[in-house]
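Remarks on the structure that follows.
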Amino acid sequence: MWSGRFRRPLNSEFEQWQRSFPFDKRLLPQEIAASAAHAKALARLGVLSSAELKSLLDALAHVKHAAAGDPHFLEDSEAEDVHHFLERRLVELTGDIGLKLHAGRSRNEQIATDLRLFVRAAIDELQSNLIELVETILEKAKKSGDQAMPAHTHLQAAEPVLVAHWLLTYAEMLLRDHARLGDCRQRLNYCPLGSGAIAGATLPLDREGMAVELGFTAPTANSVDATSDRDFAIEFVQAVSLLGIHLSRWAEEMILFSTREFGFVRLPETYSTGSSAMPQKMNPDALELIRGKAGRLAGAVTALLVTCKGLPLAYNKDLQETQEPVFDASDTSLQCVKNAIGVMRECEFDFARMGASAECGFMNAMAAATYLASKGVPFRTAHESIGKAVSFCLDRGCELADLKLEELQQFHAAFDQDFYSAITLSAVLGCHDVPGGTAPARVRAALENLEQRIRSLQEALHAHA
Ligand code: ARG
């Protein structure tokens, strides 16, 4: 590819080490598509005849087909990188015509283009799986009806919420992850082809045409930037690492809620493993791996940031190091989402246990204080009185609802008979009657709203495809 000016062969260990083909071979479909766009632009300029263009396009189609059908096709002990590999195949198939294709282009713009195409496809696939995950959560939430559970702050039972309200929390996080990926897609969707090695192509290539052919919004605006920045890769990996963080929080709660101590969730055997030592065990491995992979995704962000930090313009071979974290983060995040869909779909909730747990432990204390406030007691005073009543109950081993009216009135004279109906589970849920709150009517509205958002995201996805 570049041996002309060299008088000595490369050190053989270094030569092997500097190759990217072992990992960038997965960019072959993108390399083929970008090469076809470049070949057509060369033909439009008259650099390739129409017969030469046809034989190149046929050869590209052949390589695409062969690579898809036969894993051994990708074995090439000579190829330095995916660009070199494809050129070697084209020369084998078309002779000198294959050698003409590199006119007016550089591997620097090729890798920048291939990686963008790769990340764009990864985003599309991830987004469609994210929508499926959110739909699965929505289904579970709908099926849970008006069932309640305790919600926690500081991991201490705080107030009851609908199970659906809890589930929708994760839908919101995941939809923001979906949107972040969409933002990244929009910003990366500009075509570097025609940027050359650094200063722009040496032929007046139809950049607009190449961009359109590859589904890009437009050509990139600056050749130095186009060949040297990997901010799109960083943004992508940052977005998926945040997705990983969200999934890890979900996984952690599912693990916790599936313990015998909580007993809220029954995890599917299909996503668990046993212990070789303890015969009774069923361990939540899928969820633990999802939680663990979040660390790996965060590591990919660090790797990319540090690789790019302080790099002088424009292309530097350091940039080759940005590929593997992108591939790994893309594979890892997709597997996490797919496994999360499976666990979510197949898990079962023990609504009886969740509900029972939502009815004890003074989770109606805030509603009780609100009751006193509704009788004209200043909230701070009400808070103090209920706190004393709770303390009294703790000594007695009972709940607020178990206290007689006279007992309650020792703590404040404003207590009346209607107190008892103000602190039932359904009253406590119902009093959170604000948009975004857990009152059942509000949660039903949130479910409908989510359903609509999912529908419009699906439509947008089909528009891309
Ligand atoms: N394999 C290289 C990479 O991934 C391709 C670009 C090589 N360019 C160069 N000037 N050596 O970064």
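Chain labels A, B, ... are given in the sequence in which chains occur in the structure tokens; within each chain residues are numbered consecutively from 1, and ligands are likewise numbered from 1 in the order shown.
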* **Picked from segment 57-231 of chain A by DSSP as strand (DSSP E), as a ChimeraX atom specification** => /A:148-153,156-162,190-191,218-219
Interface rows for chain A against ligand 1: nearest pair, Å to one decimal, 10 Å, only C-alpha atoms and all ligand atoms, as a tab-separated table:
```
residue	atom	partner	partner_atom_place_in_ligand_line	distance
A:Trp2	CA	ligand 1	11 (N)	9.4
A:Gln18	CA	ligand 1	1 (N)	8.4
A:Arg19	CA	ligand 1	1 (N)	6.8
A:Ser20	CA	ligand 1	1 (N)	5.3
A:Phe21	CA	ligand 1	1 (N)	7.4
A:Phe23	CA	ligand 1	4 (O)	9.4
A:Asp24	CA	ligand 1	4 (O)	7.2
A:Glu80	CA	ligand 1	1 (N)	7.3
A:Asp81	CA	ligand 1	1 (N)	5.2
A:Val82	CA	ligand 1	1 (N)	7.2
A:His83	CA	ligand 1	5 (C)	7.3
A:His84	CA	ligand 1	1 (N)	8.8
A:Ser106	CA	ligand 1	8 (N)	7.4
A:Arg107	CA	ligand 1	6 (C)	4.6
A:Asn108	CA	ligand 1	6 (C)	4.7
A:Glu109	CA	ligand 1	6 (C)	7.9
A:Gln110	CA	ligand 1	6 (C)	7.3
A:Ile111	CA	ligand 1	5 (C)	5.6
A:Ala112	CA	ligand 1	12 (O)	8.2
A:Asp114	CA	ligand 1	4 (O)	9.6
A:Leu115	CA	ligand 1	4 (O)	9.0
A:Ala197	CA	ligand 1	10 (N)	7.3
A:Ile198	CA	ligand 1	10 (N)	9.6
A:Thr227	CA	ligand 1	6 (C)	9.4
A:Ser228	CA	ligand 1	12 (O)	9.7
A:Ala314	CA	ligand 1	10 (N)	10.0
A:Tyr315	CA	ligand 1	10 (N)	6.7
A:Asn316	CA	ligand 1	10 (N)	7.0
A:Lys317	CA	ligand 1	12 (O)	5.4
A:Asp318	CA	ligand 1	12 (O)	7.3
A:Leu319	CA	ligand 1	12 (O)	5.3
A:Gln320	CA	ligand 1	12 (O)	3.7
A:Glu321	CA	ligand 1	4 (O)	7.4
A:Thr322	CA	ligand 1	4 (O)	8.1
A:Gln323	CA	ligand 1	4 (O)	7.1
A:Glu324	CA	ligand 1	4 (O)	9.9
```
Sort by chain and increasing residue number a table of all residues of segment 264-362 of chain A within 8 Å of segment 131-149 of chain A, each with its closest pair of atoms and their distance in Å to one decimal, counting only C-alpha atoms, and write it as JSON lines.
```
{"residue": "A:Val337", "atom": "CA", "partner": "A:Leu133", "partner_atom": "CA", "distance": 7.1}
{"residue": "A:Lys338", "atom": "CA", "partner": "A:Leu133", "partner_atom": "CA", "distance": 7.9}
{"residue": "A:Ala340", "atom": "CA", "partner": "A:Leu133", "partner_atom": "CA", "distance": 7.2}
{"residue": "A:Ile341", "atom": "CA", "partner": "A:Leu133", "partner_atom": "CA", "distance": 5.1}
{"residue": "A:Met344", "atom": "CA", "partner": "A:Thr136", "partner_atom": "CA", "distance": 6.8}
{"residue": "A:Arg345", "atom": "CA", "partner": "A:Thr136", "partner_atom": "CA", "distance": 6.1}
{"residue": "A:Phe351", "atom": "CA", "partner": "A:Gln147", "partner_atom": "CA", "distance": 6.4}
{"residue": "A:Met354", "atom": "CA", "partner": "A:Met149", "partner_atom": "CA", "distance": 4.7}
{"residue": "A:Gly355", "atom": "CA", "partner": "A:Ala148", "partner_atom": "CA", "distance": 5.1}
{"residue": "A:Ala356", "atom": "CA", "partner": "A:Met149", "partner_atom": "CA", "distance": 7.9}
{"residue": "A:Ser357", "atom": "CA", "partner": "A:Met149", "partner_atom": "CA", "distance": 6.6}
{"residue": "A:Ala358", "atom": "CA", "partner": "A:Met149", "partner_atom": "CA", "distance": 4.9}
```
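One finds atom CA of Gly95 of chain A at 14.8 Å from atom CA of Ser49 of chain A.
Among the candidates A:Leu394, A:Leu304, A:Val343, A:Leu403, the residue lying nearest to Arg266 of chain A is A:Val343 (atoms considered: only C-alpha atoms).
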* In Å, rounded to a single decimal, give me how far atom CA of Glu235 of chain A is from atom CA of Leu305 of chain A. =>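 Computing the Euclidean distance for atom CA of Leu305 of chain A and atom CA of Glu235 of chain A yields 10.0 Å.
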* Separation of atom CA of Glu269 of chain A and atom CA of Cys336 of chain A, in Å? -> 17.5 Å
* Within 10 Å of Ser77 of chain A using only C-alpha atoms, minus same-chain residues under 6 positions, as JSON, numbers by chain -> {"A": [16, 21, 22, 85]}
